[in-house]
>>> print(open('entry.cif').read())   # mmCIF, C-alpha atoms
data_data
loop_
_atom_site.label_atom_id
_atom_site.label_comp_id
_atom_site.auth_asym_id
_atom_site.auth_seq_id
_atom_site.Cartn_x
_atom_site.Cartn_y
_atom_site.Cartn_z
CA MET O 1 -188.45 -113.44 204.29
CA ARG O 2 -188.90 -115.12 200.94
CA ARG O 3 -188.18 -111.76 199.22
CA ARG O 4 -184.98 -111.26 201.25
CA ALA O 5 -183.89 -114.80 200.41
CA ALA O 6 -184.58 -114.21 196.72
CA ILE O 7 -182.57 -110.98 196.77
CA ALA O 8 -179.72 -112.73 198.56
CA GLY O 9 -179.81 -115.54 196.03
CA LEU O 10 -179.77 -113.08 193.13
CA ALA O 11 -176.80 -111.28 194.68
CA SER O 12 -174.95 -114.58 194.97
CA VAL O 13 -175.65 -115.38 191.32
CA LEU O 14 -174.46 -111.92 190.22
CA ALA O 15 -171.29 -112.20 192.32
CA ALA O 16 -170.53 -115.60 190.86
CA ALA O 17 -171.12 -114.25 187.36
CA MET O 18 -168.74 -111.36 188.00
CA VAL O 19 -166.03 -113.73 189.26
CA THR O 20 -166.50 -115.98 186.24
CA ALA O 21 -166.35 -113.03 183.84
CA ALA O 22 -163.18 -111.74 185.47
CA ALA O 23 -161.58 -115.16 185.22
CA LEU O 24 -162.53 -115.45 181.56
CA SER O 25 -161.28 -111.96 180.70
CA ALA O 26 -157.94 -112.34 182.51
CA PRO O 27 -155.25 -113.70 180.14
CA ALA O 28 -153.73 -117.01 181.06
CA GLN O 29 -150.02 -117.20 181.86
CA GLY O 30 -149.37 -118.82 178.47
CA ASP O 31 -151.23 -116.02 176.69
CA ARG O 32 -149.10 -113.37 178.40
CA ALA O 33 -145.94 -115.16 177.32
CA ALA O 34 -147.20 -115.42 173.75
CA ALA O 35 -147.84 -111.68 173.70
CA ARG O 36 -144.06 -111.02 173.66
CA PRO O 37 -143.28 -110.36 169.98
CA LEU O 38 -140.39 -112.35 168.52
CA VAL O 39 -138.18 -109.78 166.77
CA LEU O 40 -135.30 -110.42 164.37
CA ALA O 41 -133.33 -107.19 163.99
CA ALA O 42 -130.15 -105.79 162.45
CA ALA O 43 -127.22 -105.63 164.90
CA SER O 44 -127.05 -101.84 164.63
CA LEU O 45 -130.44 -101.68 166.39
CA THR O 46 -129.18 -103.55 169.46
CA GLU O 47 -129.21 -100.57 171.79
CA VAL O 48 -132.23 -98.61 170.59
CA LEU O 49 -134.95 -101.25 170.14
CA PRO O 50 -135.03 -102.44 173.78
CA ARG O 51 -135.59 -98.82 174.78
CA ILE O 52 -138.56 -98.59 172.43
CA ALA O 53 -140.11 -101.99 173.19
CA PRO O 54 -138.49 -103.50 176.31
CA ASP O 55 -140.91 -106.42 176.50
CA ALA O 56 -140.09 -107.88 173.07
CA SER O 57 -137.93 -110.98 172.63
CA TYR O 58 -134.96 -110.04 170.43
CA SER O 59 -132.46 -111.81 168.21
CA PHE O 60 -129.87 -109.43 166.73
CA GLY O 61 -127.49 -110.16 163.87
CA SER O 62 -126.60 -109.24 160.33
CA SER O 63 -129.64 -108.55 158.17
CA ASN O 64 -128.60 -111.13 155.58
CA SER O 65 -128.12 -113.96 158.11
CA LEU O 66 -131.46 -113.16 159.76
CA ALA O 67 -133.16 -113.23 156.36
CA GLU O 68 -131.70 -116.69 155.79
CA GLN O 69 -133.09 -117.79 159.14
CA VAL O 70 -136.53 -116.62 158.01
CA ARG O 71 -136.19 -118.64 154.80
CA ARG O 72 -135.31 -121.70 156.82
CA GLY O 73 -138.47 -121.38 158.87
CA ALA O 74 -137.27 -119.60 162.02
CA PRO O 75 -140.26 -118.35 164.05
CA PHE O 76 -140.62 -114.57 164.20
CA ASP O 77 -143.19 -111.81 164.35
CA VAL O 78 -141.26 -108.82 162.99
CA TYR O 79 -138.07 -108.56 160.94
CA LEU O 80 -136.04 -105.32 160.83
CA SER O 81 -133.28 -104.91 158.25
CA ALA O 82 -130.53 -102.35 157.69
CA SER O 83 -131.10 -102.70 153.95
CA PRO O 84 -134.36 -102.76 151.99
CA SER O 85 -132.96 -105.46 149.71
CA TYR O 86 -133.61 -108.15 152.34
CA THR O 87 -137.07 -107.04 153.47
CA GLN O 88 -138.18 -106.59 149.86
CA ALA O 89 -136.83 -110.01 148.89
CA LEU O 90 -138.68 -111.72 151.75
CA TYR O 91 -141.84 -109.86 150.76
CA ARG O 92 -141.51 -111.07 147.16
CA GLU O 93 -141.09 -114.58 148.52
CA THR O 94 -144.37 -114.09 150.49
CA LEU O 95 -142.56 -114.67 153.79
CA THR O 96 -143.47 -111.23 155.18
CA ARG O 97 -146.16 -108.63 154.80
CA LYS O 98 -145.38 -105.36 153.01
CA PRO O 99 -142.25 -103.66 154.43
CA VAL O 100 -142.24 -100.14 155.87
CA ALA O 101 -139.24 -97.78 156.10
CA PHE O 102 -138.69 -96.52 159.65
CA ALA O 103 -135.14 -95.11 159.90
CA THR O 104 -132.05 -93.99 158.00
CA ASN O 105 -128.38 -93.95 158.88
CA SER O 106 -124.98 -92.82 157.62
CA LEU O 107 -121.45 -94.23 157.66
CA VAL O 108 -118.35 -93.06 159.50
CA ILE O 109 -114.86 -94.41 160.01
CA VAL O 110 -113.98 -95.38 163.56
CA VAL O 111 -110.43 -95.50 164.88
CA PRO O 112 -109.15 -96.33 168.37
CA ARG O 113 -109.14 -93.37 170.74
CA SER O 114 -105.30 -93.33 170.57
CA ASN O 115 -105.47 -93.40 166.73
CA PRO O 116 -102.08 -95.10 166.21
CA ALA O 117 -102.32 -94.90 162.41
CA LYS O 118 -102.95 -91.13 162.59
CA ILE O 119 -106.07 -91.32 160.42
CA LYS O 120 -107.64 -87.90 159.87
CA THR O 121 -109.64 -88.41 156.66
CA VAL O 122 -110.93 -91.35 154.66
CA PHE O 123 -108.13 -90.74 152.14
CA ASP O 124 -105.53 -91.52 154.80
CA LEU O 125 -106.60 -95.15 154.57
CA ALA O 126 -104.75 -95.35 151.23
CA ARG O 127 -101.68 -93.52 152.58
CA ARG O 128 -100.88 -95.91 155.43
CA PRO O 129 -99.05 -98.96 154.04
CA LYS O 130 -99.30 -100.96 157.28
CA LEU O 131 -102.92 -100.06 158.02
CA LYS O 132 -105.02 -102.77 159.67
CA LEU O 133 -108.54 -102.34 158.32
CA VAL O 134 -111.60 -104.25 159.51
CA VAL O 135 -114.80 -104.39 157.45
CA ALA O 136 -117.85 -106.60 157.09
CA ALA O 137 -118.40 -109.28 154.48
CA PRO O 138 -119.89 -108.07 151.16
CA LYS O 139 -123.37 -109.51 151.76
CA VAL O 140 -123.74 -107.80 155.15
CA PRO O 141 -125.42 -104.38 154.70
CA ILE O 142 -122.56 -102.46 156.36
CA GLY O 143 -120.11 -104.35 154.16
CA LEU O 144 -122.11 -103.52 151.06
CA TYR O 145 -122.35 -99.85 152.05
CA THR O 146 -118.61 -99.75 152.82
CA ARG O 147 -117.73 -100.92 149.34
CA GLU O 148 -120.14 -98.38 147.86
CA VAL O 149 -118.36 -95.58 149.76
CA LEU O 150 -114.92 -96.74 148.66
CA LYS O 151 -116.04 -97.12 145.06
CA ARG O 152 -117.44 -93.59 144.97
CA LEU O 153 -114.15 -92.23 146.32
CA GLY O 154 -111.94 -94.38 144.09
CA LEU O 155 -110.50 -96.15 147.13
CA LEU O 156 -111.49 -99.78 146.63
CA ARG O 157 -107.79 -100.68 146.73
CA VAL O 158 -107.73 -100.11 150.49
CA LEU O 159 -109.72 -103.33 150.94
CA LYS O 160 -106.39 -105.13 150.40
CA LYS O 161 -105.46 -103.92 153.89
CA THR O 162 -108.36 -105.79 155.47
CA VAL O 163 -107.24 -108.00 158.34
CA SER O 164 -110.68 -109.24 159.36
CA LEU O 165 -114.09 -109.72 157.72
CA GLU O 166 -116.74 -109.39 160.40
CA PRO O 167 -120.23 -110.97 160.34
CA ASP O 168 -121.93 -107.75 161.47
CA VAL O 169 -121.24 -104.14 162.40
CA LYS O 170 -120.82 -104.90 166.11
CA GLY O 171 -117.86 -107.11 165.26
CA ILE O 172 -116.18 -104.16 163.55
CA VAL O 173 -116.88 -101.84 166.47
CA GLY O 174 -115.49 -104.39 168.91
CA LYS O 175 -112.24 -104.96 167.00
CA VAL O 176 -111.52 -101.23 166.73
CA ALA O 177 -112.54 -100.46 170.32
CA LEU O 178 -110.14 -103.17 171.55
CA GLY O 179 -107.30 -101.80 169.43
CA GLN O 180 -107.14 -104.90 167.23
CA ALA O 181 -107.56 -102.78 164.08
CA ASP O 182 -106.55 -99.27 163.04
CA ALA O 183 -109.84 -98.38 161.38
CA GLY O 184 -113.25 -99.69 160.38
CA PHE O 185 -116.44 -98.57 158.66
CA VAL O 186 -119.52 -98.49 160.87
CA TYR O 187 -122.84 -96.67 161.17
CA LEU O 188 -122.90 -93.31 162.91
CA THR O 189 -125.30 -94.78 165.48
CA ASP O 190 -122.72 -97.38 166.56
CA VAL O 191 -120.28 -94.77 167.85
CA GLY O 192 -122.23 -93.62 170.90
CA PRO O 193 -122.03 -96.84 172.98
CA VAL O 194 -118.21 -96.94 172.62
CA ALA O 195 -117.49 -93.21 172.40
CA SER O 196 -114.95 -93.39 175.23
CA ARG O 197 -112.85 -95.89 173.27
CA VAL O 198 -113.08 -94.77 169.66
CA ARG O 199 -113.11 -91.64 167.53
CA ALA O 200 -115.37 -91.10 164.52
CA ILE O 201 -114.07 -89.66 161.26
CA ARG O 202 -116.54 -88.15 158.86
CA ILE O 203 -117.05 -89.46 155.33
CA PRO O 204 -117.75 -86.88 152.58
CA ASP O 205 -121.44 -86.41 151.81
CA ARG O 206 -120.90 -87.22 148.15
CA ALA O 207 -119.78 -90.72 149.09
CA GLN O 208 -122.57 -91.50 151.56
CA PRO O 209 -124.82 -94.39 150.51
CA ASN O 210 -128.58 -94.28 150.95
CA VAL O 211 -128.96 -96.31 154.15
CA VAL O 212 -132.62 -97.11 154.80
CA TYR O 213 -133.99 -99.45 157.47
CA GLU O 214 -137.21 -101.35 156.86
CA LEU O 215 -139.39 -103.54 159.03
CA ALA O 216 -141.92 -106.16 158.05
CA ILE O 217 -144.39 -108.33 159.92
CA ALA O 218 -144.20 -112.06 159.21
CA ALA O 219 -146.70 -113.40 156.70
CA ASP O 220 -147.89 -115.81 159.39
CA PRO O 221 -146.75 -114.31 162.72
CA ASN O 222 -146.86 -116.19 166.00
CA ASP O 223 -148.90 -113.34 167.48
CA LEU O 224 -150.29 -110.76 165.07
CA ALA O 225 -151.49 -108.41 167.81
CA ALA O 226 -148.06 -108.44 169.47
CA ALA O 227 -146.38 -107.83 166.11
CA GLN O 228 -148.67 -104.92 165.35
CA GLY O 229 -148.11 -103.46 168.82
CA PHE O 230 -144.35 -103.60 168.29
CA VAL O 231 -144.59 -101.88 164.90
CA ILE O 232 -146.82 -99.17 166.36
CA ALA O 233 -144.23 -98.59 169.10
CA VAL O 234 -141.40 -98.21 166.57
CA LEU O 235 -143.35 -95.94 164.21
CA GLY O 236 -145.04 -93.91 166.94
CA PRO O 237 -143.81 -90.67 168.50
CA ASP O 238 -141.96 -92.36 171.37
CA GLY O 239 -140.20 -94.72 168.99
CA ARG O 240 -139.21 -91.90 166.67
CA ARG O 241 -137.91 -89.90 169.61
CA GLU O 242 -135.70 -92.81 170.72
CA LEU O 243 -134.44 -93.33 167.16
CA ARG O 244 -133.58 -89.66 166.85
CA ALA O 245 -131.82 -89.68 170.23
CA ALA O 246 -129.72 -92.63 169.02
CA ARG O 247 -128.75 -90.50 165.96
CA PHE O 248 -130.82 -92.40 163.43
CA GLY O 249 -132.44 -90.37 160.71
CA LEU O 250 -136.18 -90.55 160.11
CA PRO O 251 -137.56 -91.18 156.61
#
>>> encode(input="entry.cif", output="structure tokens")
Amino acid sequence: MRRRAAIAGLASVLAAAMVTAAALSAPAQGDRAAARPLVLAAASLTEVLPRIAPDASYSFGSSNSLAEQVRRGAPFDVYLSASPSYTQALYRETLTRKPVAFATNSLVIVVPRSNPAKIKTVFDLARRPKLKLVVAAPKVPIGLYTREVLKRLGLLRVLKKTVSLEPDVKGIVGKVALGQADAGFVYLTDVGPVASRVRAIRIPDRAQPNVVYELAIAADPNDLAAAQGFVIAVLGPDGRRELRAARFGLP
């Protein structure tokens, strides 16, 4: 009897230990919430990143404005920029860890599907006196790349036809898709989501800028494991497949 009682007591102790271990190993509700990486990302990544990492918490905008938020102390785990100049600058300022290139892109001109200005090539932008052009501000990556394209083609004068300076590439896409502008410079990857409302016009290869996207983990992230998991997702085979499907290039 005493032996059976001892065995029963030991079983009770083991069961209690197993319950305790399970409770200790299960993450608390707060821990699960903290495991969502806080991601600051270029606006041109709005569609593709949630397909790669749907559980992340995103804030999309122009790379330059997001970099300023970082400098002002905004909390984040990973920063993704459409231009290496911003990731490299934050790295030099010791605000991020070493950046990594993860995608490339190219520029196109978008016009409304009806194409009222009859734009067929980039050179037509200079031939239409009443053209309504929409571009991004010079410090925004797409704005910087736009001016590089126009400079290479000797067409900087067409900037005089600008009717709106947008804060990011999505603003340009929106204006053209709504017919509020005759043409705008955007990334190739921005055309797909509005393909039923705009047409894309190719820019000569000789004028294409070197558009490289970089990501960097915060120097002091809120959750290092979550940040690393997000980066692994972007750089891994599934992430690369989604980037390629969205028409990004891979470095």
>>> resolve_selection(input="entry.cif", expression="the PyMOL selection byres ((chain O and resi 139-141) around 9)", output="list in words")
Ser62, Ser63, Asn64, Ser65, Ser81, Ala82, Ser83, Ala136, Ala137, Pro138, Ile142, Gly143, Leu144, Tyr145, Thr146, Glu166, Pro167, Asp168, Val169 and Val211 of chain O
>>> atom_distance(input="entry.cif", atom1="atom CA of Pro251 of chain O", atom2="atom CA of Phe102 of chain O")
6.2 Å
>>> atom_distance(input="entry.cif", atom1="atom CA of Ala43 of chain O", atom2="atom CA of Lys170 of chain O")
6.6 Å
>>> resolve_selection(input="entry.cif", expression="the PyMOL selection byres ((chain O and resi 52) around 8)", output="list of chain:residue names")
O:Val48, O:Leu49, O:Pro50, O:Arg51, O:Ala53, O:Pro54, O:Ala233, O:Val234, O:Asp238, O:Gly239, O:Glu242
>>> atom_distance(input="entry.cif", atom1="atom CA of Ala183 of chain O", atom2="atom CA of Thr104 of chain O")
22.9 Å
>>> resolve_selection(input="entry.cif", expression="the PyMOL selection byres ((chain O and resi 116) around 12)", output="VMD selection string")
chain O and resid 111 to 115 117 to 120 128 130 to 132 176 179 to 183 198 to 199
>>> residues_around(input="entry.cif", residues="Gln69 of chain O", least_positions_apart="6", cutoff="12 Å", atoms="all atoms listed in the file", output="count of residues only")
13
>>> closest_atom_pairs(input="entry.cif", of="segment 73-159 of chain O", to="segment 215-226 of chain O", cutoff="7 Å", atoms="all atoms listed in the file", output="CSV")
residue,atom,partner,partner_atom,distance
O:Phe76,CA,O:Pro221,CA,6.3
O:Asp77,CA,O:Pro221,CA,4.6
O:Val78,CA,O:Ile217,CA,4.4
O:Tyr79,CA,O:Ala216,CA,5.4
O:Leu80,CA,O:Leu215,CA,4.2
O:Ser81,CA,O:Leu215,CA,6.3
O:Thr87,CA,O:Ala216,CA,6.7
O:Thr94,CA,O:Ala219,CA,6.7
O:Leu95,CA,O:Ala219,CA,5.2
O:Thr96,CA,O:Ala219,CA,4.2
O:Arg97,CA,O:Ala219,CA,5.2
O:Lys98,CA,O:Ala216,CA,6.2
O:Pro99,CA,O:Ala216,CA,4.4
O:Val100,CA,O:Leu215,CA,5.4
O:Ala101,CA,O:Leu215,CA,6.5
>>> closest_residue(input="entry.cif", among="O:Leu178, O:Ile172, O:Leu133, O:Ala67", to="Arg157 of chain O", atoms="all atoms listed in the file")
O:Leu133
>>> residues_around(input="entry.cif", residues="Phe123 of chain O", least_positions_apart="2", cutoff="12 Å", atoms="all atoms listed in the file", output="list in words")
Ile109, Lys118, Ile119, Lys120, Thr121, Leu125, Ala126, Arg127, Arg128, Val149, Leu150, Leu153, Gly154, Leu155, Leu156, Arg157, Val158, Ile201, Arg202, Ile203 and Pro204 of chain O
>>> closest_residue(input="entry.cif", among="O:Val191, O:Val108, O:Leu243, O:Ala103", to="Val122 of chain O", atoms="all atoms listed in the file")
O:Val108
>>> axis_aligned_box(input="entry.cif", around="segment 200-213 of chain O", padding_each_side="8 Å", output="AutoDock Vina command-line options")
--center_x -124.0 --center_y -92.9 --center_z 156.3 --size_x 35.9 --size_y 29.0 --size_z 32.4
>>> residues_around(input="entry.cif", residues="segment 187-190 of chain O", least_positions_apart="6", cutoff="7 Å", atoms="all atoms listed in the file", output="ChimeraX atom specification")
/O:44,105-108,246-248
>>> closest_residue(input="entry.cif", among="O:Pro209, O:Gly236, O:Pro193, O:Gly229", to="Thr46 of chain O", atoms="only C-alpha atoms")
O:Pro193
>>> decode(input="entry.cif", residues="segment 63-145 of chain O", atoms="C-alpha atoms", output="PDB file, in the first residue's frame")
ATOM      1  CA  SER O  63      12.734  56.658 -47.309  1.00  0.00           C
ATOM      2  CA  ASN O  64      14.006  60.110 -46.368  1.00  0.00           C
ATOM      3  CA  SER O  65      11.095  60.914 -44.031  1.00  0.00           C
ATOM      4  CA  LEU O  66      11.399  57.514 -42.347  1.00  0.00           C
ATOM      5  CA  ALA O  67      15.125  58.091 -41.850  1.00  0.00           C
ATOM      6  CA  GLU O  68      14.300  61.381 -40.135  1.00  0.00           C
ATOM      7  CA  GLN O  69      11.882  59.556 -37.865  1.00  0.00           C
ATOM      8  CA  VAL O  70      14.696  57.193 -36.892  1.00  0.00           C
ATOM      9  CA  ARG O  71      16.936  60.157 -36.078  1.00  0.00           C
ATOM     10  CA  ARG O  72      14.226  61.601 -33.880  1.00  0.00           C
ATOM     11  CA  GLY O  73      14.015  58.410 -31.870  1.00  0.00           C
ATOM     12  CA  ALA O  74      11.059  56.602 -33.440  1.00  0.00           C
ATOM     13  CA  PRO O  75      10.949  52.970 -32.252  1.00  0.00           C
ATOM     14  CA  PHE O  76      11.667  50.390 -34.952  1.00  0.00           C
ATOM     15  CA  ASP O  77      13.249  47.002 -35.510  1.00  0.00           C
ATOM     16  CA  VAL O  78      14.043  47.086 -39.238  1.00  0.00           C
ATOM     17  CA  TYR O  79      14.342  49.954 -41.720  1.00  0.00           C
ATOM     18  CA  LEU O  80      14.055  49.347 -45.486  1.00  0.00           C
ATOM     19  CA  SER O  81      15.040  52.092 -47.913  1.00  0.00           C
ATOM     20  CA  ALA O  82      14.678  52.576 -51.675  1.00  0.00           C
ATOM     21  CA  SER O  83      18.107  54.207 -51.697  1.00  0.00           C
ATOM     22  CA  PRO O  84      21.329  53.093 -50.008  1.00  0.00           C
ATOM     23  CA  SER O  85      22.147  56.707 -49.148  1.00  0.00           C
ATOM     24  CA  TYR O  86      19.713  56.655 -46.215  1.00  0.00           C
ATOM     25  CA  THR O  87      20.576  53.236 -44.789  1.00  0.00           C
ATOM     26  CA  GLN O  88      24.294  53.980 -45.090  1.00  0.00           C
ATOM     27  CA  ALA O  89      23.874  57.368 -43.409  1.00  0.00           C
ATOM     28  CA  LEU O  90      21.989  55.845 -40.473  1.00  0.00           C
ATOM     29  CA  TYR O  91      24.666  53.177 -40.180  1.00  0.00           C
ATOM     30  CA  ARG O  92      27.403  55.835 -40.052  1.00  0.00           C
ATOM     31  CA  GLU O  93      25.399  57.572 -37.341  1.00  0.00           C
ATOM     32  CA  THR O  94      25.348  54.247 -35.404  1.00  0.00           C
ATOM     33  CA  LEU O  95      21.543  54.174 -35.485  1.00  0.00           C
ATOM     34  CA  THR O  96      21.394  50.857 -37.362  1.00  0.00           C
ATOM     35  CA  ARG O  97      23.461  47.751 -37.831  1.00  0.00           C
ATOM     36  CA  LYS O  98      25.220  47.129 -41.146  1.00  0.00           C
ATOM     37  CA  PRO O  99      22.807  47.428 -44.122  1.00  0.00           C
ATOM     38  CA  VAL O 100      22.197  44.629 -46.615  1.00  0.00           C
ATOM     39  CA  ALA O 101      21.001  45.013 -50.221  1.00  0.00           C
ATOM     40  CA  PHE O 102      17.897  42.911 -50.927  1.00  0.00           C
ATOM     41  CA  ALA O 103      16.255  44.204 -54.129  1.00  0.00           C
ATOM     42  CA  THR O 104      16.628  46.409 -57.196  1.00  0.00           C
ATOM     43  CA  ASN O 105      14.134  48.318 -59.296  1.00  0.00           C
ATOM     44  CA  SER O 106      13.807  50.413 -62.452  1.00  0.00           C
ATOM     45  CA  LEU O 107      11.852  53.495 -63.483  1.00  0.00           C
ATOM     46  CA  VAL O 108       9.001  53.893 -65.954  1.00  0.00           C
ATOM     47  CA  ILE O 109       6.664  56.695 -66.926  1.00  0.00           C
ATOM     48  CA  VAL O 110       3.013  56.156 -66.097  1.00  0.00           C
ATOM     49  CA  VAL O 111       0.168  57.863 -67.924  1.00  0.00           C
ATOM     50  CA  PRO O 112      -3.595  57.513 -67.456  1.00  0.00           C
ATOM     51  CA  ARG O 113      -5.109  54.610 -69.360  1.00  0.00           C
ATOM     52  CA  SER O 114      -6.776  57.122 -71.740  1.00  0.00           C
ATOM     53  CA  ASN O 115      -3.403  58.884 -72.241  1.00  0.00           C
ATOM     54  CA  PRO O 116      -4.867  62.327 -73.061  1.00  0.00           C
ATOM     55  CA  ALA O 117      -1.436  63.868 -73.717  1.00  0.00           C
ATOM     56  CA  LYS O 118      -0.624  61.108 -76.237  1.00  0.00           C
ATOM     57  CA  ILE O 119       2.693  60.262 -74.576  1.00  0.00           C
ATOM     58  CA  LYS O 120       4.523  57.460 -76.378  1.00  0.00           C
ATOM     59  CA  THR O 121       8.149  58.015 -75.326  1.00  0.00           C
ATOM     60  CA  VAL O 122       9.959  59.919 -72.598  1.00  0.00           C
ATOM     61  CA  PHE O 123      10.907  62.544 -75.203  1.00  0.00           C
ATOM     62  CA  ASP O 124       7.247  63.405 -75.712  1.00  0.00           C
ATOM     63  CA  LEU O 125       7.302  65.023 -72.280  1.00  0.00           C
ATOM     64  CA  ALA O 126       9.266  67.915 -73.823  1.00  0.00           C
ATOM     65  CA  ARG O 127       6.978  68.132 -76.867  1.00  0.00           C
ATOM     66  CA  ARG O 128       3.708  68.723 -75.008  1.00  0.00           C
ATOM     67  CA  PRO O 129       3.492  72.399 -73.975  1.00  0.00           C
ATOM     68  CA  LYS O 130       0.462  71.896 -71.719  1.00  0.00           C
ATOM     69  CA  LEU O 131       1.700  68.689 -70.097  1.00  0.00           C
ATOM     70  CA  LYS O 132       0.794  68.199 -66.439  1.00  0.00           C
ATOM     71  CA  LEU O 133       3.700  66.326 -64.872  1.00  0.00           C
ATOM     72  CA  VAL O 134       3.790  64.960 -61.336  1.00  0.00           C
ATOM     73  CA  VAL O 135       7.054  63.977 -59.649  1.00  0.00           C
ATOM     74  CA  ALA O 136       8.414  63.528 -56.141  1.00  0.00           C
ATOM     75  CA  ALA O 137      10.452  66.038 -54.175  1.00  0.00           C
ATOM     76  CA  PRO O 138      14.236  65.947 -54.787  1.00  0.00           C
ATOM     77  CA  LYS O 139      15.108  64.296 -51.453  1.00  0.00           C
ATOM     78  CA  VAL O 140      12.671  61.416 -51.975  1.00  0.00           C
ATOM     79  CA  PRO O 141      14.464  58.494 -53.702  1.00  0.00           C
ATOM     80  CA  ILE O 142      12.019  58.370 -56.638  1.00  0.00           C
ATOM     81  CA  GLY O 143      12.420  62.128 -57.022  1.00  0.00           C
ATOM     82  CA  LEU O 144      16.192  61.828 -56.992  1.00  0.00           C
ATOM     83  CA  TYR O 145      16.110  58.989 -59.533  1.00  0.00           C
TER      84      TYR O 145
END
